$ cat upload_8.cif   # mmCIF, N, CA and C atoms
data_input
loop_
_atom_site.label_atom_id
_atom_site.label_comp_id
_atom_site.auth_asym_id
_atom_site.auth_seq_id
_atom_site.Cartn_x
_atom_site.Cartn_y
_atom_site.Cartn_z
N GLN A 1 0.82 -1.19 0.00
CA GLN A 1 0.00 0.00 0.00
C GLN A 1 0.86 1.25 0.00
N LYS A 2 1.95 1.19 0.75
CA LYS A 2 2.82 2.36 0.83
C LYS A 2 3.41 2.71 -0.53
N LEU A 3 3.84 1.71 -1.28
CA LEU A 3 4.39 1.95 -2.61
C LEU A 3 3.32 2.49 -3.55
N GLY A 4 2.10 1.97 -3.46
CA GLY A 4 1.00 2.47 -4.27
C GLY A 4 0.72 3.93 -3.99
N LYS A 5 0.76 4.31 -2.72
CA LYS A 5 0.53 5.71 -2.33
C LYS A 5 1.68 6.61 -2.81
N THR A 6 2.90 6.09 -2.74
CA THR A 6 4.06 6.85 -3.21
C THR A 6 3.97 7.09 -4.71
N LEU A 7 3.62 6.05 -5.46
CA LEU A 7 3.47 6.21 -6.91
C LEU A 7 2.33 7.17 -7.24
N ALA A 8 1.23 7.08 -6.50
CA ALA A 8 0.10 7.97 -6.73
C ALA A 8 0.52 9.42 -6.54
N ALA A 9 1.30 9.70 -5.53
CA ALA A 9 1.77 11.07 -5.29
C ALA A 9 2.62 11.56 -6.46
N GLN A 10 3.40 10.67 -7.05
CA GLN A 10 4.24 11.02 -8.19
C GLN A 10 3.39 11.36 -9.42
N TYR A 11 2.32 10.61 -9.65
CA TYR A 11 1.50 10.79 -10.85
C TYR A 11 0.31 11.73 -10.65
N ARG A 12 0.01 12.11 -9.43
CA ARG A 12 -1.18 12.93 -9.15
C ARG A 12 -1.27 14.21 -9.98
N PRO A 13 -0.17 14.92 -10.26
CA PRO A 13 -0.28 16.15 -11.08
C PRO A 13 -0.94 15.92 -12.44
N ARG A 14 -0.83 14.73 -13.00
CA ARG A 14 -1.46 14.43 -14.29
C ARG A 14 -2.99 14.44 -14.20
N PHE A 15 -3.53 14.38 -12.99
CA PHE A 15 -4.97 14.25 -12.78
C PHE A 15 -5.63 15.56 -12.36
N THR A 16 -4.84 16.57 -12.09
CA THR A 16 -5.36 17.85 -11.61
C THR A 16 -6.23 18.50 -12.67
N GLY A 17 -7.43 18.89 -12.27
CA GLY A 17 -8.34 19.61 -13.14
C GLY A 17 -9.09 18.77 -14.15
N LEU A 18 -8.93 17.44 -14.11
CA LEU A 18 -9.61 16.57 -15.06
C LEU A 18 -10.99 16.17 -14.54
N THR A 19 -11.91 15.93 -15.45
CA THR A 19 -13.21 15.39 -15.08
C THR A 19 -13.04 13.93 -14.66
N GLU A 20 -14.07 13.35 -14.06
CA GLU A 20 -14.02 11.95 -13.66
C GLU A 20 -13.72 11.05 -14.87
N GLN A 21 -14.40 11.28 -15.97
CA GLN A 21 -14.17 10.49 -17.19
C GLN A 21 -12.71 10.63 -17.66
N GLU A 22 -12.19 11.84 -17.64
CA GLU A 22 -10.81 12.07 -18.06
C GLU A 22 -9.82 11.43 -17.09
N GLN A 23 -10.13 11.46 -15.80
CA GLN A 23 -9.26 10.82 -14.81
C GLN A 23 -9.18 9.32 -15.03
N ILE A 24 -10.33 8.71 -15.32
CA ILE A 24 -10.34 7.27 -15.57
C ILE A 24 -9.54 6.95 -16.83
N GLN A 25 -9.71 7.74 -17.85
CA GLN A 25 -8.93 7.53 -19.08
C GLN A 25 -7.44 7.69 -18.79
N GLN A 26 -7.09 8.63 -17.95
CA GLN A 26 -5.69 8.86 -17.58
C GLN A 26 -5.13 7.65 -16.81
N VAL A 27 -5.95 7.04 -15.94
CA VAL A 27 -5.53 5.83 -15.23
C VAL A 27 -5.26 4.71 -16.22
N VAL A 28 -6.16 4.52 -17.18
CA VAL A 28 -5.98 3.47 -18.19
C VAL A 28 -4.69 3.72 -18.96
N GLU A 29 -4.47 4.96 -19.38
CA GLU A 29 -3.25 5.29 -20.12
C GLU A 29 -2.00 5.07 -19.27
N LEU A 30 -2.06 5.46 -18.01
CA LEU A 30 -0.92 5.26 -17.11
C LEU A 30 -0.60 3.78 -16.96
N MET A 31 -1.63 2.96 -16.76
CA MET A 31 -1.39 1.53 -16.61
C MET A 31 -0.78 0.94 -17.89
N GLN A 32 -1.21 1.44 -19.04
CA GLN A 32 -0.62 0.98 -20.29
C GLN A 32 0.84 1.41 -20.38
N GLU A 33 1.14 2.63 -19.95
CA GLU A 33 2.53 3.10 -19.93
C GLU A 33 3.40 2.23 -19.02
N LEU A 34 2.81 1.74 -17.93
CA LEU A 34 3.55 0.90 -16.99
C LEU A 34 3.75 -0.52 -17.52
N GLY A 35 3.06 -0.87 -18.62
CA GLY A 35 3.28 -2.17 -19.25
C GLY A 35 2.09 -3.10 -19.23
N PHE A 36 0.96 -2.66 -18.69
CA PHE A 36 -0.23 -3.51 -18.66
C PHE A 36 -0.93 -3.50 -20.01
N HIS A 37 -1.52 -4.65 -20.38
CA HIS A 37 -2.40 -4.75 -21.55
C HIS A 37 -3.81 -4.63 -21.00
N ILE A 38 -4.41 -3.46 -21.19
CA ILE A 38 -5.66 -3.10 -20.54
C ILE A 38 -6.84 -3.14 -21.50
N LYS A 39 -7.97 -3.59 -20.97
CA LYS A 39 -9.25 -3.44 -21.65
C LYS A 39 -10.18 -2.78 -20.65
N ALA A 40 -10.79 -1.69 -21.08
CA ALA A 40 -11.71 -0.97 -20.21
C ALA A 40 -12.81 -0.35 -21.06
N PRO A 41 -14.03 -0.29 -20.55
CA PRO A 41 -15.09 0.36 -21.30
C PRO A 41 -14.79 1.84 -21.50
N THR A 42 -15.38 2.43 -22.50
CA THR A 42 -15.14 3.85 -22.78
C THR A 42 -16.13 4.76 -22.08
N SER A 43 -17.14 4.18 -21.43
CA SER A 43 -18.16 4.98 -20.76
C SER A 43 -18.16 4.71 -19.26
N THR A 44 -18.47 5.73 -18.49
CA THR A 44 -18.59 5.57 -17.03
C THR A 44 -20.02 5.88 -16.60
N GLU A 45 -20.98 5.42 -17.38
CA GLU A 45 -22.39 5.71 -17.11
C GLU A 45 -22.93 4.93 -15.92
N SER A 46 -22.39 3.78 -15.61
CA SER A 46 -22.90 2.99 -14.48
C SER A 46 -22.22 3.42 -13.19
N SER A 47 -22.57 2.75 -12.10
CA SER A 47 -22.01 3.11 -10.80
C SER A 47 -20.65 2.47 -10.55
N THR A 48 -20.23 1.57 -11.45
CA THR A 48 -18.90 0.96 -11.34
C THR A 48 -18.22 1.00 -12.71
N PHE A 49 -16.93 0.84 -12.68
CA PHE A 49 -16.11 0.85 -13.90
C PHE A 49 -15.05 -0.21 -13.73
N ASP A 50 -14.93 -1.12 -14.68
CA ASP A 50 -13.96 -2.21 -14.58
C ASP A 50 -12.76 -1.95 -15.48
N ILE A 51 -11.59 -2.15 -14.91
CA ILE A 51 -10.35 -2.16 -15.68
C ILE A 51 -9.82 -3.59 -15.63
N ASN A 52 -9.64 -4.18 -16.80
CA ASN A 52 -9.13 -5.55 -16.89
C ASN A 52 -7.73 -5.54 -17.48
N ALA A 53 -6.82 -6.20 -16.80
CA ALA A 53 -5.45 -6.33 -17.27
C ALA A 53 -5.23 -7.79 -17.67
N PHE A 54 -4.76 -7.98 -18.89
CA PHE A 54 -4.59 -9.33 -19.41
C PHE A 54 -3.14 -9.80 -19.35
N ASN A 55 -2.33 -9.06 -18.62
CA ASN A 55 -0.97 -9.49 -18.31
C ASN A 55 -0.65 -8.96 -16.92
N CYS A 56 0.36 -9.51 -16.33
CA CYS A 56 0.78 -9.06 -15.00
C CYS A 56 2.25 -8.67 -15.09
N ILE A 57 2.53 -7.39 -14.85
CA ILE A 57 3.92 -6.95 -14.97
C ILE A 57 4.77 -7.41 -13.79
N TYR A 58 4.13 -7.94 -12.76
CA TYR A 58 4.85 -8.47 -11.59
C TYR A 58 4.69 -9.98 -11.47
N HIS A 59 4.32 -10.67 -12.53
CA HIS A 59 3.87 -12.05 -12.43
C HIS A 59 4.80 -12.96 -11.63
N SER A 60 6.08 -12.94 -11.91
CA SER A 60 6.99 -13.85 -11.19
C SER A 60 7.06 -13.51 -9.70
N VAL A 61 7.02 -12.24 -9.38
CA VAL A 61 7.03 -11.83 -7.96
C VAL A 61 5.69 -12.16 -7.33
N ALA A 62 4.60 -11.89 -8.05
CA ALA A 62 3.25 -12.10 -7.51
C ALA A 62 2.97 -13.57 -7.24
N GLN A 63 3.64 -14.47 -7.94
CA GLN A 63 3.46 -15.89 -7.68
C GLN A 63 3.88 -16.25 -6.26
N ARG A 64 4.89 -15.57 -5.76
CA ARG A 64 5.39 -15.84 -4.40
C ARG A 64 4.81 -14.88 -3.37
N PHE A 65 4.56 -13.64 -3.78
CA PHE A 65 4.12 -12.59 -2.85
C PHE A 65 2.90 -11.88 -3.43
N GLN A 66 1.72 -12.46 -3.22
CA GLN A 66 0.51 -11.90 -3.80
C GLN A 66 0.16 -10.53 -3.22
N GLU A 67 0.82 -10.14 -2.15
CA GLU A 67 0.60 -8.83 -1.57
C GLU A 67 0.91 -7.70 -2.55
N ILE A 68 1.77 -7.97 -3.53
CA ILE A 68 2.14 -6.94 -4.49
C ILE A 68 0.93 -6.48 -5.31
N CYS A 69 -0.09 -7.32 -5.41
CA CYS A 69 -1.29 -6.96 -6.17
C CYS A 69 -2.01 -5.76 -5.55
N ILE A 70 -1.79 -5.52 -4.29
CA ILE A 70 -2.40 -4.38 -3.62
C ILE A 70 -1.82 -3.07 -4.15
N LEU A 71 -0.62 -3.10 -4.70
CA LEU A 71 0.01 -1.90 -5.23
C LEU A 71 -0.88 -1.22 -6.27
N ASP A 72 -1.35 -1.96 -7.27
CA ASP A 72 -2.17 -1.37 -8.33
C ASP A 72 -3.53 -0.92 -7.79
N GLN A 73 -4.10 -1.72 -6.92
CA GLN A 73 -5.37 -1.36 -6.31
C GLN A 73 -5.25 -0.04 -5.56
N THR A 74 -4.20 0.10 -4.78
CA THR A 74 -3.96 1.33 -4.01
C THR A 74 -3.66 2.50 -4.93
N LEU A 75 -2.84 2.28 -5.95
CA LEU A 75 -2.49 3.33 -6.90
C LEU A 75 -3.75 3.92 -7.53
N VAL A 76 -4.62 3.07 -8.05
CA VAL A 76 -5.83 3.53 -8.72
C VAL A 76 -6.78 4.21 -7.73
N ALA A 77 -6.94 3.63 -6.56
CA ALA A 77 -7.82 4.22 -5.54
C ALA A 77 -7.34 5.60 -5.12
N GLU A 78 -6.04 5.74 -4.97
CA GLU A 78 -5.48 7.04 -4.56
C GLU A 78 -5.61 8.08 -5.66
N LEU A 79 -5.36 7.70 -6.90
CA LEU A 79 -5.42 8.65 -8.00
C LEU A 79 -6.84 9.12 -8.28
N LEU A 80 -7.82 8.22 -8.11
CA LEU A 80 -9.20 8.57 -8.41
C LEU A 80 -10.00 8.99 -7.17
N ALA A 81 -9.42 8.76 -6.00
CA ALA A 81 -10.13 9.02 -4.74
C ALA A 81 -11.48 8.30 -4.74
N LYS A 82 -11.45 7.05 -5.14
CA LYS A 82 -12.63 6.19 -5.22
C LYS A 82 -12.28 4.82 -4.65
N PRO A 83 -13.27 4.13 -4.08
CA PRO A 83 -13.01 2.75 -3.64
C PRO A 83 -12.73 1.85 -4.85
N VAL A 84 -11.75 0.98 -4.71
CA VAL A 84 -11.36 0.05 -5.78
C VAL A 84 -11.23 -1.34 -5.17
N GLU A 85 -11.86 -2.31 -5.82
CA GLU A 85 -11.76 -3.71 -5.40
C GLU A 85 -10.95 -4.50 -6.42
N LEU A 86 -10.13 -5.41 -5.95
CA LEU A 86 -9.44 -6.36 -6.81
C LEU A 86 -10.35 -7.59 -6.89
N LYS A 87 -11.10 -7.72 -7.98
CA LYS A 87 -12.12 -8.77 -8.10
C LYS A 87 -11.56 -10.07 -8.64
N SER A 88 -10.54 -10.00 -9.48
CA SER A 88 -9.87 -11.21 -9.95
C SER A 88 -8.39 -10.90 -10.12
N CYS A 89 -7.58 -11.95 -10.06
CA CYS A 89 -6.13 -11.74 -10.03
C CYS A 89 -5.43 -12.93 -10.70
N MET A 90 -4.57 -12.63 -11.65
CA MET A 90 -3.83 -13.68 -12.34
C MET A 90 -2.92 -14.46 -11.39
N ALA A 91 -2.37 -13.77 -10.39
CA ALA A 91 -1.48 -14.45 -9.44
C ALA A 91 -2.23 -15.49 -8.62
N LYS A 92 -3.56 -15.35 -8.56
CA LYS A 92 -4.39 -16.31 -7.82
C LYS A 92 -5.04 -17.32 -8.76
N GLY A 93 -4.59 -17.32 -10.03
CA GLY A 93 -5.07 -18.31 -10.98
C GLY A 93 -6.19 -17.84 -11.90
N ASP A 94 -6.64 -16.59 -11.76
CA ASP A 94 -7.67 -16.07 -12.65
C ASP A 94 -7.08 -15.77 -14.02
N GLY A 95 -7.93 -15.66 -15.03
CA GLY A 95 -7.48 -15.42 -16.40
C GLY A 95 -7.01 -14.00 -16.66
N TYR A 96 -7.40 -13.07 -15.80
CA TYR A 96 -7.00 -11.67 -15.92
C TYR A 96 -7.18 -11.00 -14.56
N CYS A 97 -6.61 -9.83 -14.43
CA CYS A 97 -6.79 -9.05 -13.20
C CYS A 97 -7.91 -8.05 -13.46
N ASN A 98 -8.82 -7.93 -12.51
CA ASN A 98 -9.94 -7.01 -12.62
C ASN A 98 -9.95 -6.06 -11.44
N LEU A 99 -9.88 -4.77 -11.75
CA LEU A 99 -10.06 -3.73 -10.75
C LEU A 99 -11.43 -3.11 -10.97
N LYS A 100 -12.29 -3.20 -9.96
CA LYS A 100 -13.63 -2.61 -10.04
C LYS A 100 -13.60 -1.30 -9.26
N ILE A 101 -13.84 -0.21 -10.00
CA ILE A 101 -13.84 1.13 -9.42
C ILE A 101 -15.28 1.51 -9.12
N HIS A 102 -15.54 1.94 -7.89
CA HIS A 102 -16.88 2.33 -7.48
C HIS A 102 -17.02 3.84 -7.67
N LEU A 103 -17.88 4.22 -8.60
CA LEU A 103 -18.13 5.61 -8.93
C LEU A 103 -19.39 6.11 -8.23
N LYS A 104 -19.58 7.41 -8.26
CA LYS A 104 -20.83 8.03 -7.83
C LYS A 104 -21.27 7.61 -6.44
N GLY A 105 -20.30 7.55 -5.52
CA GLY A 105 -20.62 7.31 -4.12
C GLY A 105 -21.07 5.92 -3.77
N THR A 106 -20.84 4.94 -4.64
CA THR A 106 -21.26 3.57 -4.31
C THR A 106 -20.19 2.84 -3.55
#

$ encode --input "upload_8.cif" --output "structure tokens"
Amino acid sequence: QKLGKTLAAQYRPRFTGLTEQEQIQQVVELMQELGFHIKAPTSTESSTFDINAFNCIYHSVAQRFQEICILDQTLVAELLAKPVELKSCMAKGDGYCNLKIHLKGT
């Protein structure tokens, strides 16, 4: 969590003054820059928004230390100031990693 918060502080200036939709797009772009292969819907009309990663940039480490998966969850939660759940995780045997972002006070 500490590393996720540290990274969020580093990237936070990129999010200043952006709308919620633009912030989410910025998170997707940031994750792609970090090396993730991301699939995410283009609309945030519902109360949740899913970001799916089809690769794990920490896979070999995550196999031994699944705690590292909290890094991305914390990073996204801190940047968006929204609750984020890790719903599926490749390190735990799932086919992809899913971060569910709770929008609009849910």

$ residues_around --input "upload_8.cif" --residues "stretch 55-61 of chain A" --least-positions-apart "3" --cutoff "8 Å" --atoms "all atoms listed in the file" --output "PyMOL selection string"
chain A and resi 34-38+52+64-69+90-91+95-97

$ write_last_selection --input "upload_8.cif" --atoms "N, CA and C atoms" --output "PDB file, keeping the file's coordinate frame"
ATOM      1  N   LEU A  34       2.810   1.740 -17.930  1.00  0.00           N
ATOM      2  CA  LEU A  34       3.550   0.900 -16.990  1.00  0.00           C
ATOM      3  C   LEU A  34       3.750  -0.520 -17.520  1.00  0.00           C
ATOM      4  N   GLY A  35       3.060  -0.870 -18.620  1.00  0.00           N
ATOM      5  CA  GLY A  35       3.280  -2.170 -19.250  1.00  0.00           C
ATOM      6  C   GLY A  35       2.090  -3.100 -19.230  1.00  0.00           C
ATOM      7  N   PHE A  36       0.960  -2.660 -18.690  1.00  0.00           N
ATOM      8  CA  PHE A  36      -0.230  -3.510 -18.660  1.00  0.00           C
ATOM      9  C   PHE A  36      -0.930  -3.500 -20.010  1.00  0.00           C
ATOM     10  N   HIS A  37      -1.520  -4.650 -20.380  1.00  0.00           N
ATOM     11  CA  HIS A  37      -2.400  -4.750 -21.550  1.00  0.00           C
ATOM     12  C   HIS A  37      -3.810  -4.630 -21.000  1.00  0.00           C
ATOM     13  N   ILE A  38      -4.410  -3.460 -21.190  1.00  0.00           N
ATOM     14  CA  ILE A  38      -5.660  -3.100 -20.540  1.00  0.00           C
ATOM     15  C   ILE A  38      -6.840  -3.140 -21.500  1.00  0.00           C
ATOM     16  N   ASN A  52      -9.640  -4.180 -16.800  1.00  0.00           N
ATOM     17  CA  ASN A  52      -9.130  -5.550 -16.890  1.00  0.00           C
ATOM     18  C   ASN A  52      -7.730  -5.540 -17.480  1.00  0.00           C
ATOM     19  N   ARG A  64       4.890 -15.570  -5.760  1.00  0.00           N
ATOM     20  CA  ARG A  64       5.390 -15.840  -4.400  1.00  0.00           C
ATOM     21  C   ARG A  64       4.810 -14.880  -3.370  1.00  0.00           C
ATOM     22  N   PHE A  65       4.560 -13.640  -3.780  1.00  0.00           N
ATOM     23  CA  PHE A  65       4.120 -12.590  -2.850  1.00  0.00           C
ATOM     24  C   PHE A  65       2.900 -11.880  -3.430  1.00  0.00           C
ATOM     25  N   GLN A  66       1.720 -12.460  -3.220  1.00  0.00           N
ATOM     26  CA  GLN A  66       0.510 -11.900  -3.800  1.00  0.00           C
ATOM     27  C   GLN A  66       0.160 -10.530  -3.220  1.00  0.00           C
ATOM     28  N   GLU A  67       0.820 -10.140  -2.150  1.00  0.00           N
ATOM     29  CA  GLU A  67       0.600  -8.830  -1.570  1.00  0.00           C
ATOM     30  C   GLU A  67       0.910  -7.700  -2.550  1.00  0.00           C
ATOM     31  N   ILE A  68       1.770  -7.970  -3.530  1.00  0.00           N
ATOM     32  CA  ILE A  68       2.140  -6.940  -4.490  1.00  0.00           C
ATOM     33  C   ILE A  68       0.930  -6.480  -5.310  1.00  0.00           C
ATOM     34  N   CYS A  69      -0.090  -7.320  -5.410  1.00  0.00           N
ATOM     35  CA  CYS A  69      -1.290  -6.960  -6.170  1.00  0.00           C
ATOM     36  C   CYS A  69      -2.010  -5.760  -5.550  1.00  0.00           C
ATOM     37  N   MET A  90      -4.570 -12.630 -11.650  1.00  0.00           N
ATOM     38  CA  MET A  90      -3.830 -13.680 -12.340  1.00  0.00           C
ATOM     39  C   MET A  90      -2.920 -14.460 -11.390  1.00  0.00           C
ATOM     40  N   ALA A  91      -2.370 -13.770 -10.390  1.00  0.00           N
ATOM     41  CA  ALA A  91      -1.480 -14.450  -9.440  1.00  0.00           C
ATOM     42  C   ALA A  91      -2.230 -15.490  -8.620  1.00  0.00           C
ATOM     43  N   GLY A  95      -7.930 -15.660 -15.030  1.00  0.00           N
ATOM     44  CA  GLY A  95      -7.480 -15.420 -16.400  1.00  0.00           C
ATOM     45  C   GLY A  95      -7.010 -14.000 -16.660  1.00  0.00           C
ATOM     46  N   TYR A  96      -7.400 -13.070 -15.800  1.00  0.00           N
ATOM     47  CA  TYR A  96      -7.000 -11.670 -15.920  1.00  0.00           C
ATOM     48  C   TYR A  96      -7.180 -11.000 -14.560  1.00  0.00           C
ATOM     49  N   CYS A  97      -6.610  -9.830 -14.430  1.00  0.00           N
ATOM     50  CA  CYS A  97      -6.790  -9.050 -13.200  1.00  0.00           C
ATOM     51  C   CYS A  97      -7.910  -8.050 -13.460  1.00  0.00           C
TER      52      CYS A  97
END

$ resolve_selection --input "upload_8.cif" --expression "the PyMOL selection byres (((chain A and resi 48 and name CA) around 7) and name CA)" --output "ChimeraX atom specification"
/A:46-47,49-50,100-103

$ closest_residue --input "upload_8.cif" --among "A:Thr6, A:Gln32, A:Asn98, A:Gln63" --to "A:Val84" --atoms "only N, CA and C atoms"
A:Asn98

$ closest_residue --input "upload_8.cif" --among "A:Glu20, A:Glu78, A:Asp94, A:Asp72" --to "A:Ile51" --atoms "only C-alpha atoms"
A:Asp72

$ atom_distance --input "upload_8.cif" --atom1 "atom CA of A:Ile70" --atom2 "atom CA of A:Gly93"
16.0 Å

$ atom_distance --input "upload_8.cif" --atom1 "atom C of A:Ala53" --atom2 "atom N of A:Lys104"
22.9 Å

$ closest_residue --input "upload_8.cif" --among "A:Cys89, A:Leu99, A:Leu79, A:Ala9" --to "A:Val27" --atoms "only C-alpha atoms"
A:Leu79

$ select_by_dssp --input "upload_8.cif" --residues "chain A" --states "alpha helix (DSSP H)" --output "JSON, numbers by chain"
{"A": [2, 3, 4, 5, 6, 7, 8, 9, 10, 11, 20, 21, 22, 23, 24, 25, 26, 27, 28, 29, 30, 31, 32, 33, 59, 60, 61, 62, 63, 64, 69, 70, 71, 72, 73, 74, 75, 76, 77, 78, 79, 80]}

$ select_by_dssp --input "upload_8.cif" --residues "chain A" --states "strand (DSSP E or B)" --output "ChimeraX atom specification"
/A:38-39,48-53,84-88,97-102

$ axis_aligned_box --input "upload_8.cif" --around "stretch 8-15 of chain A" --padding-each-side "4 Å" --output "lines of an AutoDock Vina configuration file"
center_x = -0.7
center_y = 11.6
center_z = -9.8
size_x = 17.9
size_y = 17.1
size_z = 17.0

$ atom_distance --input "upload_8.cif" --atom1 "atom CA of A:Leu75" --atom2 "atom CA of A:Gly4"
4.5 Å
